file model04.cif (mmCIF, C-alpha atoms and all ligand atoms)
data_input
#
loop_
_atom_site.label_atom_id
_atom_site.label_comp_id
_atom_site.auth_asym_id
_atom_site.auth_seq_id
_atom_site.Cartn_x
_atom_site.Cartn_y
_atom_site.Cartn_z
CA MET A 1 12.41 4.71 18.62
CA ALA A 2 12.98 4.82 22.38
CA GLU A 3 14.93 1.85 23.72
CA GLU A 4 12.49 1.11 26.54
CA ASN A 5 9.73 0.39 24.01
CA VAL A 6 11.75 -2.27 22.34
CA GLN A 7 12.11 -4.74 25.19
CA GLY A 8 9.97 -7.85 25.02
CA ARG A 9 8.50 -6.99 21.64
CA ILE A 10 8.84 -9.08 18.53
CA PRO A 11 10.06 -7.28 15.42
CA THR A 12 8.23 -8.14 12.19
CA VAL A 13 9.76 -5.66 9.73
CA ILE A 14 13.15 -3.99 9.89
CA ALA A 15 14.06 -1.40 7.29
CA ASP A 16 17.73 -0.51 7.41
CA ASP A 17 18.77 2.61 5.48
CA VAL A 18 16.58 1.70 2.51
CA HIS A 19 17.04 3.54 -0.79
CA ILE A 20 14.82 2.86 -3.78
CA VAL A 21 15.52 4.20 -7.24
CA TYR A 22 13.23 3.84 -10.25
CA ARG A 23 14.82 3.87 -13.68
CA VAL A 24 12.63 5.38 -16.33
CA SER A 25 13.29 5.27 -20.03
CA GLY A 26 11.27 7.27 -22.50
CA GLY A 27 11.11 10.48 -20.49
CA SER A 28 11.83 13.66 -22.41
CA GLY A 29 15.16 14.14 -20.66
CA GLY A 30 14.84 17.77 -19.73
CA LYS A 31 12.97 21.05 -19.84
CA GLY A 32 12.75 23.49 -22.66
CA SER A 33 10.62 24.94 -25.37
CA ALA A 34 8.20 23.05 -27.59
CA THR A 35 10.74 23.27 -30.44
CA ALA A 36 13.40 21.68 -28.24
CA ALA A 37 10.97 18.90 -27.35
CA LEU A 38 10.18 18.36 -31.01
CA ASN A 39 13.88 18.21 -31.82
CA ARG A 40 14.38 15.57 -29.16
CA MET A 41 11.59 13.51 -30.68
CA ILE A 42 13.13 13.81 -34.13
CA ARG A 43 16.56 12.87 -32.85
CA ARG A 44 15.04 9.84 -31.16
CA ASP A 45 13.49 8.77 -34.45
CA LYS A 46 16.99 8.65 -35.85
CA GLY A 47 17.79 6.02 -33.27
CA GLU A 48 19.90 8.06 -30.87
CA SER A 49 20.18 6.58 -27.42
CA ARG A 50 17.50 7.57 -24.97
CA ALA A 51 18.45 8.83 -21.56
CA ILE A 52 17.52 6.67 -18.61
CA ARG A 53 16.23 8.94 -15.86
CA LYS A 54 16.49 7.99 -12.24
CA VAL A 55 13.84 8.74 -9.67
CA HIS A 56 15.19 8.40 -6.15
CA ALA A 57 11.84 7.63 -4.50
CA VAL A 58 12.92 6.44 -1.03
CA ARG A 59 15.98 7.93 0.67
CA GLY A 60 17.59 6.25 3.64
CA VAL A 61 14.50 5.09 5.51
CA SER A 62 15.06 3.07 8.69
CA PHE A 63 12.51 1.78 11.20
CA THR A 64 11.52 -1.35 13.09
CA ALA A 65 7.90 -2.53 13.22
CA TYR A 66 6.67 -4.87 15.94
CA ARG A 67 4.02 -7.52 16.22
CA GLY A 68 0.66 -6.06 17.20
CA GLU A 69 1.38 -2.59 15.83
CA ALA A 70 -0.75 -0.74 13.29
CA ILE A 71 1.42 1.80 11.53
CA GLY A 72 0.08 4.59 9.35
CA LEU A 73 2.08 6.06 6.48
CA ILE A 74 1.40 9.68 5.66
CA GLY A 75 2.97 12.25 3.36
CA THR A 76 1.99 14.43 0.43
CA ASN A 77 1.46 12.93 -3.07
CA GLY A 78 4.59 11.36 -4.46
CA SER A 79 6.40 11.25 -1.11
CA GLY A 80 7.22 7.54 -1.46
CA LYS A 81 4.57 5.78 0.65
CA SER A 82 3.45 3.21 -1.94
CA THR A 83 7.03 2.66 -3.06
CA LEU A 84 8.12 1.87 0.49
CA LEU A 85 5.24 -0.59 0.93
CA ARG A 86 6.06 -2.33 -2.34
CA ALA A 87 9.67 -2.71 -1.21
CA ILE A 88 8.60 -4.17 2.16
CA ALA A 89 6.38 -6.62 0.26
CA GLY A 90 9.43 -7.67 -1.75
CA LEU A 91 7.97 -6.38 -5.02
CA LEU A 92 10.70 -3.78 -5.59
CA PRO A 93 14.44 -4.23 -5.11
CA THR A 94 16.30 -1.79 -2.90
CA GLU A 95 19.13 0.24 -4.41
CA SER A 96 20.96 -0.01 -1.13
CA GLY A 97 20.01 -0.88 2.42
CA LYS A 98 17.96 -3.89 3.48
CA VAL A 99 14.44 -4.91 4.44
CA TYR A 100 14.10 -7.83 6.84
CA THR A 101 10.66 -9.34 7.38
CA ASP A 102 9.29 -12.07 9.59
CA GLY A 103 6.89 -14.13 7.49
CA GLN A 104 5.46 -13.20 4.11
CA PRO A 105 4.11 -9.66 3.97
CA SER A 106 0.92 -9.24 1.96
CA LEU A 107 0.27 -6.03 0.08
CA LEU A 108 -3.32 -5.12 -0.47
CA GLY A 109 -3.63 -2.26 -2.89
CA VAL A 110 -6.49 -0.82 -4.81
CA ASN A 111 -4.78 -2.42 -7.80
CA ALA A 112 -4.31 -5.84 -6.24
CA ALA A 113 -4.09 -8.42 -8.99
CA LEU A 114 -7.54 -9.82 -9.47
CA MET A 115 -8.93 -10.53 -12.94
CA GLY A 116 -11.51 -8.16 -14.33
CA ASP A 117 -12.97 -10.69 -16.73
CA LEU A 118 -13.64 -13.24 -14.01
CA THR A 119 -16.68 -13.07 -11.76
CA GLY A 120 -16.37 -11.84 -8.20
CA GLU A 121 -16.96 -15.43 -7.15
CA ARG A 122 -13.97 -16.74 -9.14
CA ASN A 123 -11.82 -13.88 -7.90
CA VAL A 124 -12.53 -14.78 -4.28
CA ILE A 125 -11.13 -18.24 -5.04
CA LEU A 126 -8.22 -16.86 -7.06
CA GLY A 127 -7.33 -14.30 -4.36
CA GLY A 128 -7.57 -16.95 -1.64
CA LEU A 129 -5.28 -19.32 -3.54
CA ALA A 130 -2.84 -16.48 -4.23
CA MET A 131 -2.65 -15.86 -0.47
CA GLY A 132 -1.83 -19.50 0.13
CA MET A 133 -5.22 -20.66 1.41
CA SER A 134 -6.34 -24.20 0.59
CA ARG A 135 -9.54 -24.86 -1.41
CA GLU A 136 -11.23 -26.11 1.76
CA GLU A 137 -10.28 -22.97 3.68
CA ILE A 138 -11.63 -20.83 0.86
CA ARG A 139 -14.85 -22.83 0.73
CA ASP A 140 -15.29 -22.41 4.49
CA ARG A 141 -14.73 -18.67 4.35
CA TYR A 142 -16.45 -17.89 1.05
CA GLU A 143 -19.79 -16.80 2.54
CA GLY A 144 -18.02 -14.68 5.13
CA ILE A 145 -15.92 -12.92 2.49
CA VAL A 146 -18.92 -12.12 0.29
CA ASP A 147 -21.01 -10.97 3.26
CA PHE A 148 -18.20 -8.77 4.56
CA SER A 149 -17.77 -7.13 1.16
CA GLY A 150 -21.47 -6.31 0.99
CA ILE A 151 -21.25 -6.89 -2.78
CA ASN A 152 -24.50 -8.83 -2.80
CA GLU A 153 -26.48 -6.36 -0.71
CA LYS A 154 -28.10 -4.80 -3.75
CA GLY A 155 -28.46 -7.87 -5.94
CA ASP A 156 -26.51 -10.86 -7.14
CA PHE A 157 -23.36 -9.00 -8.20
CA ILE A 158 -20.88 -11.63 -7.10
CA THR A 159 -21.69 -13.71 -10.20
CA LEU A 160 -20.90 -10.78 -12.55
CA PRO A 161 -17.42 -10.08 -13.96
CA MET A 162 -15.38 -7.81 -11.71
CA ARG A 163 -14.86 -5.29 -14.51
CA THR A 164 -18.54 -4.37 -14.14
CA TYR A 165 -18.02 -3.30 -10.50
CA SER A 166 -17.71 0.30 -9.41
CA SER A 167 -14.27 1.22 -8.02
CA GLY A 168 -15.70 1.14 -4.49
CA MET A 169 -17.20 -2.32 -5.01
CA GLY A 170 -13.90 -3.64 -6.38
CA ALA A 171 -11.95 -2.20 -3.46
CA ARG A 172 -14.40 -3.71 -0.98
CA LEU A 173 -14.06 -7.16 -2.45
CA ARG A 174 -10.26 -6.92 -2.53
CA PHE A 175 -10.17 -5.84 1.09
CA SER A 176 -12.60 -8.62 2.10
CA ILE A 177 -10.50 -11.28 0.40
CA ALA A 178 -7.27 -10.06 1.99
CA ALA A 179 -8.85 -9.64 5.42
CA ALA A 180 -10.17 -13.23 5.40
CA LYS A 181 -6.71 -14.47 6.25
CA ASN A 182 -4.58 -13.69 9.27
CA HIS A 183 -1.44 -12.05 8.01
CA ASP A 184 1.95 -11.77 9.64
CA VAL A 185 2.32 -8.39 7.98
CA LEU A 186 -0.62 -6.86 6.15
CA MET A 187 -0.10 -3.70 4.12
CA ILE A 188 -3.09 -1.74 2.94
CA ASP A 189 -2.64 0.97 0.34
CA GLU A 190 -5.54 3.43 0.36
CA ALA A 191 -8.09 0.63 0.09
CA LEU A 192 -10.28 2.05 2.80
CA SER A 193 -10.83 5.45 1.28
CA THR A 194 -12.68 3.98 -1.72
CA GLY A 195 -15.41 2.24 0.25
CA ASP A 196 -18.37 4.13 1.68
CA ARG A 197 -18.56 5.14 5.35
CA LYS A 198 -20.38 1.98 6.46
CA PHE A 199 -17.76 -0.23 4.84
CA GLN A 200 -14.94 1.90 6.26
CA ILE A 201 -16.21 1.37 9.79
CA ARG A 202 -16.46 -2.38 9.18
CA SER A 203 -12.94 -2.56 7.73
CA GLU A 204 -11.45 -0.45 10.51
CA ALA A 205 -12.91 -2.92 13.00
CA ARG A 206 -11.38 -5.79 11.02
CA ILE A 207 -7.97 -4.06 11.03
CA ARG A 208 -8.15 -3.86 14.81
CA GLU A 209 -8.95 -7.60 14.93
CA LEU A 210 -6.06 -8.45 12.62
CA ARG A 211 -3.76 -6.58 14.96
CA LYS A 212 -5.06 -8.53 17.94
CA GLU A 213 -4.34 -11.72 16.07
CA ALA A 214 -0.71 -10.70 16.51
CA GLY A 215 0.11 -9.39 13.05
CA THR A 216 1.46 -6.01 12.00
CA VAL A 217 -0.65 -3.74 9.84
CA PHE A 218 0.66 -0.92 7.63
CA LEU A 219 -1.87 1.52 6.28
CA VAL A 220 -1.32 4.21 3.67
CA SER A 221 -4.00 6.84 3.82
CA HIS A 222 -4.54 10.50 3.10
CA GLY A 223 -7.37 10.54 5.60
CA ALA A 224 -6.13 11.66 9.01
CA LYS A 225 -9.31 10.27 10.58
CA THR A 226 -8.77 6.73 9.29
CA ILE A 227 -5.20 6.81 10.56
CA ARG A 228 -6.27 8.20 13.95
CA ASP A 229 -8.97 5.55 14.28
CA THR A 230 -6.77 2.59 13.40
CA CYS A 231 -3.07 3.33 13.97
CA ASP A 232 -1.04 3.88 17.11
CA ARG A 233 2.12 4.85 15.30
CA VAL A 234 2.74 6.93 12.19
CA LEU A 235 5.63 7.26 9.75
CA TRP A 236 5.67 10.58 7.90
CA LEU A 237 7.49 10.50 4.58
CA GLU A 238 8.38 13.55 2.52
CA ARG A 239 10.43 13.48 -0.69
CA GLY A 240 11.35 9.90 0.12
CA GLU A 241 12.78 10.75 3.54
CA LEU A 242 11.38 9.71 6.88
CA LEU A 243 10.59 13.05 8.51
CA MET A 244 8.97 11.72 11.65
CA ASP A 245 8.22 8.39 13.34
CA GLY A 246 6.13 8.44 16.51
CA PRO A 247 2.76 8.20 18.22
CA THR A 248 -0.17 8.96 15.90
CA ASP A 249 -1.35 12.15 17.59
CA GLU A 250 2.08 13.76 17.66
CA VAL A 251 2.92 12.98 14.05
CA ILE A 252 -0.49 13.95 12.64
CA LYS A 253 -0.42 17.20 14.58
CA ALA A 254 2.98 18.07 13.13
CA TYR A 255 1.87 17.00 9.64
CA GLU A 256 -1.28 19.10 9.77
CA LYS A 257 0.69 22.08 11.03
CA GLU A 258 3.17 21.73 8.17
CA THR A 259 0.64 21.11 5.40
CA GLY A 260 -1.89 23.61 6.77
CA LYS A 261 -4.72 21.07 6.90
N1 LIG A 301 6.78 2.92 -11.54
C1 LIG A 301 7.40 4.06 -11.33
N2 LIG A 301 8.39 4.46 -12.17
C2 LIG A 301 9.05 5.61 -11.95
N3 LIG A 301 8.82 6.45 -10.94
C3 LIG A 301 7.85 6.11 -10.08
C4 LIG A 301 7.10 4.91 -10.22
N4 LIG A 301 6.21 4.85 -9.20
C5 LIG A 301 6.40 5.95 -8.45
N5 LIG A 301 7.39 6.72 -8.97
C6 LIG A 301 7.90 7.98 -8.43
O1 LIG A 301 8.34 7.74 -7.10
C7 LIG A 301 8.00 8.81 -6.24
C8 LIG A 301 7.17 8.26 -5.07
O2 LIG A 301 5.94 7.75 -5.56
P1 LIG A 301 4.92 6.94 -4.65
O3 LIG A 301 3.84 6.41 -5.53
O4 LIG A 301 5.66 5.98 -3.81
O5 LIG A 301 4.34 8.10 -3.71
P2 LIG A 301 3.11 8.12 -2.72
O6 LIG A 301 3.58 8.81 -1.50
O7 LIG A 301 2.54 6.76 -2.57
O8 LIG A 301 2.12 9.06 -3.51
P3 LIG A 301 0.52 9.22 -3.49
O9 LIG A 301 0.16 9.83 -2.17
O10 LIG A 301 0.27 10.16 -4.60
O11 LIG A 301 -0.08 7.87 -3.71
C9 LIG A 301 7.26 9.83 -7.10
O12 LIG A 301 8.20 10.82 -7.44
C10 LIG A 301 6.83 9.05 -8.32
O13 LIG A 301 6.86 9.87 -9.45
#

call {"tool": "encode", "arguments": {"input": "model04.cif", "output": "structure tokens"}}
result
Amino acid sequence: MAEENVQGRIPTVIADDVHIVYRVSGGSGGKGSATAALNRMIRRDKGESRAIRKVHAVRGVSFTAYRGEAIGLIGTNGSGKSTLLRAIAGLLPTESGKVYTDGQPSLLGVNAALMGDLTGERNVILGGLAMGMSREEIRDRYEGIVDFSGINEKGDFITLPMRTYSSGMGARLRFSIAAAKNHDVLMIDEALSTGDRKFQIRSEARIRELRKEAGTVFLVSHGAKTIRDTCDRVLWLERGELLMDGPTDEVIKAYEKETGK
């Protein structure tokens, strides 16, 4: 990043040469014919040691994010976007390199940990508590969260277990819970693409508000439009490496040229 941009701005996340490696056991350990695969399975049955495979998912990524920025993460499937977010949130250890954050980053994913067997109502409370809100704060904001999610627009769905929700409904409620709080660093992993257009517009507006409230927002999305509408800066990852870091238009243009979209 250019030096002149840095002055007077407050860094919220610094990634310094971050490498992340997954270790996977139980993979087949190589290519080959069906007979070879069968042999490997038979050998395993005899108790021979299984190979641990390494997946080097993020390779030497460095950047600094500042307060008030909304940063999009783009890259083809498997390029390391979600992995990088999980590491920033402190959910994955780095193999080498360091992540420094100001405040507690919150990761909002489509798989955010709410409980399917509990009603939407109970999950609002659970999610609020998990984000560190007090019971009073949750009570004050409850109506707002449910209204924002639009879950009750077509009936009293908030009193049904969350497992009965469609994937879009679940994603909307998760986003609404997370967006009810002002975050120092809020990371959103594809949550917007599951809601319908009306909800997307509402959540994009909320992202802009969250930025104004002086936080930093990271957004993983495959939709160039969502990124264009919400982010002023984009990180482009490919095979775990940071290919480009710059203003949204420049990076998306280069990405679209490369991927032919
Ligand atoms: N839990 C895991 N264990 C082992 N390898 C993993 C795990 N999660 C991801 N990977 C691997 O890490 C690499 C990066 O995956 P990641 O999910 O971060 O990519 P992504 O850019 O978010 O992809 P997508 O756009 O498909 O969501 C991939 O090669 C993937 O196979």

call {"tool": "residues_around", "arguments": {"input": "model04.cif", "residues": "Gly78 in chain A", "least_positions_apart": "4", "cutoff": "12 Å", "atoms": "only C-alpha atoms", "output": "number ranges by chain"}}
result
A: 55-58, 74, 82-84, 222, 237-241

call {"tool": "residues_near_ligand", "arguments": {"input": "model04.cif", "ligand": "ligand LIG 301 (chain A)", "cutoff": "12 Å", "atoms": "all atoms listed in the file", "output": "PyMOL selection string"}}
result
chain A and resi 19-27+52-59+73-87+91-92+109-110+188-191+219-223+235-242

call {"tool": "atom_distance", "arguments": {"input": "model04.cif", "atom1": "CA of Asn182 in chain A", "atom2": "CA of Gly8 in chain A"}}
result
22.2 Å

call {"tool": "atom_distance", "arguments": {"input": "model04.cif", "atom1": "CA of Arg206 in chain A", "atom2": "CA of Val146 in chain A"}}
result
14.6 Å

call {"tool": "closest_residue", "arguments": {"input": "model04.cif", "among": "A:Lys212, A:Arg135, A:Lys198, A:Arg122", "to": "His183 in chain A", "atoms": "only C-alpha atoms"}}
result
A:Lys212

call {"tool": "residues_near_point", "arguments": {"input": "model04.cif", "point": "(-5.0, -13.2, 4.9)", "cutoff": "9 Å", "atoms": "all atoms listed in the file", "output": "tab-separated table (two decimals) with C-alpha atoms, keeping the file's coordinate frame"}}
result
chain	number	residue	atom	x	y	z
A	106	SER	CA	0.92	-9.24	1.96
A	128	GLY	CA	-7.57	-16.95	-1.64
A	131	MET	CA	-2.65	-15.86	-0.47
A	132	GLY	CA	-1.83	-19.50	0.13
A	133	MET	CA	-5.22	-20.66	1.41
A	177	ILE	CA	-10.50	-11.28	0.40
A	178	ALA	CA	-7.27	-10.06	1.99
A	179	ALA	CA	-8.85	-9.64	5.42
A	180	ALA	CA	-10.17	-13.23	5.40
A	181	LYS	CA	-6.71	-14.47	6.25
A	182	ASN	CA	-4.58	-13.69	9.27
A	183	HIS	CA	-1.44	-12.05	8.01
A	184	ASP	CA	1.95	-11.77	9.64
A	186	LEU	CA	-0.62	-6.86	6.15

call {"tool": "decode", "arguments": {"input": "model04.cif", "residues": "range 134-167 of chain A", "atoms": "C-alpha atoms", "output": "compact mmCIF listing (two decimals), in the first residue's frame"}}
result
# COMPACT_ATOMS: atom_id res chain seq x y z
CA SER A 134 -25.77 -8.27 27.94
CA ARG A 135 -29.30 -9.65 28.38
CA GLU A 136 -30.64 -6.09 28.59
CA GLU A 137 -28.91 -5.10 25.36
CA ILE A 138 -30.33 -8.16 23.64
CA ARG A 139 -33.81 -7.43 24.97
CA ASP A 140 -33.56 -3.84 23.69
CA ARG A 141 -32.45 -4.93 20.24
CA TYR A 142 -34.53 -8.09 19.86
CA GLU A 143 -37.37 -6.50 17.86
CA GLY A 144 -34.89 -4.73 15.62
CA ILE A 145 -33.00 -7.94 14.90
CA VAL A 146 -36.14 -9.89 14.02
CA ASP A 147 -37.52 -7.04 11.89
CA PHE A 148 -34.22 -6.65 10.04
CA SER A 149 -34.09 -10.37 9.27
CA GLY A 150 -37.60 -10.28 7.81
CA ILE A 151 -38.08 -13.80 9.20
CA ASN A 152 -41.56 -12.97 10.45
CA GLU A 153 -42.76 -11.29 7.26
CA LYS A 154 -44.58 -14.40 6.10
CA GLY A 155 -45.77 -15.74 9.44
CA ASP A 156 -44.54 -16.43 12.93
CA PHE A 157 -41.35 -18.27 11.97
CA ILE A 158 -39.17 -16.89 14.74
CA THR A 159 -40.79 -19.29 17.22
CA LEU A 160 -39.94 -22.34 15.07
CA PRO A 161 -36.67 -24.29 15.36
CA MET A 162 -33.95 -22.90 13.09
CA ARG A 163 -33.50 -26.26 11.37
CA THR A 164 -36.88 -25.68 9.71
CA TYR A 165 -35.61 -22.48 8.02
CA SER A 166 -34.56 -22.33 4.39
CA SER A 167 -30.84 -21.61 3.88
